[in-house]
>>> print(open('structure11.cif').read())   # mmCIF, N, CA and C atoms
data_target
loop_
_atom_site.label_atom_id
_atom_site.label_comp_id
_atom_site.auth_asym_id
_atom_site.auth_seq_id
_atom_site.Cartn_x
_atom_site.Cartn_y
_atom_site.Cartn_z
N MET A 1 115.53 30.84 -32.95
CA MET A 1 116.92 30.47 -32.90
C MET A 1 117.62 31.32 -31.85
N ARG A 2 118.56 30.69 -31.13
CA ARG A 2 119.32 31.40 -30.10
C ARG A 2 120.36 32.33 -30.74
N SER A 3 120.64 33.38 -30.05
CA SER A 3 121.70 34.29 -30.49
C SER A 3 123.05 33.65 -30.16
N PRO A 4 124.13 34.14 -30.79
CA PRO A 4 125.45 33.61 -30.44
C PRO A 4 125.76 33.71 -28.95
N ASN A 5 125.34 34.79 -28.30
CA ASN A 5 125.57 34.93 -26.86
C ASN A 5 124.82 33.87 -26.06
N GLU A 6 123.58 33.59 -26.46
CA GLU A 6 122.80 32.56 -25.78
C GLU A 6 123.41 31.18 -25.98
N ILE A 7 123.91 30.93 -27.18
CA ILE A 7 124.56 29.65 -27.45
C ILE A 7 125.84 29.52 -26.63
N TRP A 8 126.60 30.59 -26.54
CA TRP A 8 127.84 30.59 -25.74
C TRP A 8 127.51 30.26 -24.29
N GLU A 9 126.45 30.88 -23.77
CA GLU A 9 126.02 30.63 -22.40
C GLU A 9 125.58 29.17 -22.23
N ALA A 10 124.83 28.65 -23.20
CA ALA A 10 124.37 27.26 -23.12
C ALA A 10 125.56 26.30 -23.12
N LEU A 11 126.58 26.59 -23.92
CA LEU A 11 127.78 25.76 -23.92
C LEU A 11 128.46 25.77 -22.56
N GLY A 12 128.46 26.91 -21.91
CA GLY A 12 129.06 27.00 -20.58
C GLY A 12 128.30 26.24 -19.52
N ASP A 13 127.02 25.98 -19.77
CA ASP A 13 126.17 25.30 -18.80
C ASP A 13 126.20 23.77 -18.90
N ILE A 14 126.78 23.23 -19.97
CA ILE A 14 126.76 21.78 -20.13
C ILE A 14 128.03 21.16 -19.56
N ASP A 15 127.91 19.88 -19.18
CA ASP A 15 129.09 19.22 -18.63
C ASP A 15 129.97 18.67 -19.75
N GLU A 16 131.12 18.13 -19.37
CA GLU A 16 132.13 17.69 -20.34
C GLU A 16 131.60 16.58 -21.27
N GLU A 17 130.84 15.65 -20.71
CA GLU A 17 130.29 14.57 -21.53
C GLU A 17 129.31 15.11 -22.57
N GLU A 18 128.48 16.05 -22.15
CA GLU A 18 127.54 16.66 -23.09
C GLU A 18 128.28 17.47 -24.15
N ALA A 19 129.37 18.13 -23.76
CA ALA A 19 130.15 18.91 -24.71
C ALA A 19 130.74 18.01 -25.80
N THR A 20 131.20 16.84 -25.40
CA THR A 20 131.71 15.87 -26.37
C THR A 20 130.60 15.44 -27.31
N HIS A 21 129.41 15.22 -26.78
CA HIS A 21 128.26 14.83 -27.61
C HIS A 21 127.90 15.95 -28.59
N VAL A 22 127.92 17.21 -28.13
CA VAL A 22 127.60 18.34 -29.00
C VAL A 22 128.60 18.42 -30.15
N LEU A 23 129.89 18.30 -29.83
CA LEU A 23 130.92 18.37 -30.86
C LEU A 23 130.77 17.23 -31.86
N THR A 24 130.52 16.03 -31.35
CA THR A 24 130.33 14.87 -32.22
C THR A 24 129.11 15.04 -33.12
N ARG A 25 128.04 15.55 -32.56
CA ARG A 25 126.81 15.75 -33.33
C ARG A 25 127.02 16.83 -34.40
N LEU A 26 127.70 17.91 -34.04
CA LEU A 26 127.98 18.98 -35.00
C LEU A 26 128.83 18.44 -36.15
N PHE A 27 129.86 17.67 -35.81
CA PHE A 27 130.71 17.06 -36.84
C PHE A 27 129.88 16.18 -37.77
N SER A 28 129.03 15.33 -37.19
CA SER A 28 128.25 14.40 -38.02
C SER A 28 127.24 15.14 -38.90
N MET A 29 126.70 16.27 -38.41
CA MET A 29 125.77 17.04 -39.22
C MET A 29 126.47 17.60 -40.46
N TYR A 30 127.68 18.13 -40.27
CA TYR A 30 128.43 18.66 -41.42
C TYR A 30 128.95 17.55 -42.32
N GLU A 31 129.29 16.43 -41.72
CA GLU A 31 129.71 15.29 -42.53
C GLU A 31 128.57 14.81 -43.42
N GLU A 32 127.35 14.82 -42.88
CA GLU A 32 126.18 14.44 -43.67
C GLU A 32 125.93 15.44 -44.79
N LEU A 33 126.07 16.74 -44.49
CA LEU A 33 125.94 17.76 -45.54
C LEU A 33 126.96 17.53 -46.65
N LEU A 34 128.17 17.20 -46.26
CA LEU A 34 129.24 16.93 -47.23
C LEU A 34 128.89 15.72 -48.09
N THR A 35 128.37 14.67 -47.47
CA THR A 35 128.00 13.45 -48.19
C THR A 35 126.84 13.70 -49.15
N LEU A 36 125.84 14.43 -48.69
CA LEU A 36 124.64 14.65 -49.50
C LEU A 36 124.84 15.70 -50.58
N GLY A 37 125.58 16.77 -50.25
CA GLY A 37 125.68 17.88 -51.18
C GLY A 37 127.04 18.11 -51.78
N GLY A 38 127.99 17.25 -51.43
CA GLY A 38 129.34 17.47 -51.92
C GLY A 38 129.99 18.64 -51.18
N GLU A 39 131.20 18.94 -51.57
CA GLU A 39 131.92 20.04 -50.93
C GLU A 39 131.24 21.36 -51.28
N THR A 40 131.00 22.15 -50.25
CA THR A 40 130.47 23.49 -50.42
C THR A 40 131.36 24.45 -49.63
N GLU A 41 131.17 25.71 -49.84
CA GLU A 41 131.94 26.70 -49.07
C GLU A 41 131.67 26.53 -47.58
N GLU A 42 130.41 26.26 -47.24
CA GLU A 42 130.03 26.11 -45.83
C GLU A 42 130.72 24.90 -45.19
N THR A 43 130.68 23.75 -45.86
CA THR A 43 131.31 22.56 -45.27
C THR A 43 132.83 22.71 -45.23
N ASN A 44 133.41 23.26 -46.27
CA ASN A 44 134.86 23.46 -46.27
C ASN A 44 135.28 24.40 -45.15
N ARG A 45 134.53 25.48 -44.94
CA ARG A 45 134.84 26.44 -43.89
C ARG A 45 134.72 25.77 -42.52
N PHE A 46 133.66 24.99 -42.32
CA PHE A 46 133.48 24.32 -41.03
C PHE A 46 134.66 23.40 -40.73
N PHE A 47 135.00 22.53 -41.67
CA PHE A 47 136.08 21.57 -41.42
C PHE A 47 137.44 22.27 -41.29
N GLN A 48 137.66 23.34 -42.01
CA GLN A 48 138.90 24.10 -41.87
C GLN A 48 138.97 24.76 -40.50
N ASN A 49 137.86 25.36 -40.07
CA ASN A 49 137.82 25.99 -38.75
C ASN A 49 137.99 24.96 -37.64
N LEU A 50 137.37 23.81 -37.80
CA LEU A 50 137.51 22.74 -36.81
C LEU A 50 138.96 22.27 -36.75
N ASN A 51 139.57 22.09 -37.89
CA ASN A 51 140.97 21.68 -37.95
C ASN A 51 141.86 22.73 -37.27
N ASN A 52 141.60 24.00 -37.54
CA ASN A 52 142.38 25.08 -36.90
C ASN A 52 142.21 25.06 -35.39
N ALA A 53 140.98 24.85 -34.92
CA ALA A 53 140.72 24.80 -33.48
C ALA A 53 141.47 23.63 -32.83
N ILE A 54 141.49 22.49 -33.50
CA ILE A 54 142.22 21.33 -32.98
C ILE A 54 143.70 21.64 -32.92
N ASP A 55 144.24 22.20 -34.00
CA ASP A 55 145.68 22.53 -34.03
C ASP A 55 146.05 23.52 -32.93
N LEU A 56 145.25 24.57 -32.76
CA LEU A 56 145.53 25.57 -31.73
C LEU A 56 145.46 24.97 -30.32
N THR A 57 144.49 24.11 -30.10
CA THR A 57 144.36 23.46 -28.80
C THR A 57 145.54 22.56 -28.51
N GLN A 58 145.97 21.80 -29.52
CA GLN A 58 147.12 20.92 -29.33
C GLN A 58 148.39 21.72 -29.08
N GLU A 59 148.57 22.83 -29.79
CA GLU A 59 149.73 23.70 -29.56
C GLU A 59 149.71 24.25 -28.14
N CYS A 60 148.53 24.68 -27.71
CA CYS A 60 148.40 25.22 -26.36
C CYS A 60 148.75 24.16 -25.32
N ASN A 61 148.28 22.94 -25.52
CA ASN A 61 148.58 21.84 -24.59
C ASN A 61 150.06 21.51 -24.59
N LEU A 62 150.71 21.56 -25.73
CA LEU A 62 152.14 21.30 -25.79
C LEU A 62 152.93 22.38 -25.07
N ASN A 63 152.50 23.62 -25.20
CA ASN A 63 153.19 24.73 -24.55
C ASN A 63 153.07 24.68 -23.03
N ARG A 64 152.02 24.06 -22.53
CA ARG A 64 151.82 23.95 -21.08
C ARG A 64 152.70 22.88 -20.47
N ARG A 65 153.14 21.92 -21.27
CA ARG A 65 153.92 20.79 -20.75
C ARG A 65 155.33 21.17 -20.51
#
>>> encode(input="structure11.cif", output="structure tokens")
Amino acid sequence: MRSPNEIWEALGDIDEEEATHVLTRLFSMYEELLTLGGETEETNRFFQNLNNAIDLTQECNLNRR
């Protein structure tokens, strides 16, 4: 398994289309975990963190306008 630093570097090396695919795939993996195992601390934390990242990004975009 890659270290967090290696993963960070790999994310920097992919193009925008691939980044969208990675995000979509990550979302679907956690959605499947949620469907198969019900709500867990891990799935709740993932979706909460994802929601926070979306909110922060939208706030940042609004502040730039």
>>> axis_aligned_box(input="structure11.cif", around="region 10-14 of chain A", padding_each_side="6 Å", output="AutoDock Vina command-line options")
--center_x 126.7 --center_y 24.9 --center_z -21.4 --size_x 16.7 --size_y 19.5 --size_z 17.1
>>> atom_distance(input="structure11.cif", atom1="atom N of Tyr30 (chain A)", atom2="atom C of Asn49 (chain A)")
12.6 Å
>>> atom_distance(input="structure11.cif", atom1="CA of Thr43 (chain A)", atom2="CA of Phe27 (chain A)")
10.1 Å
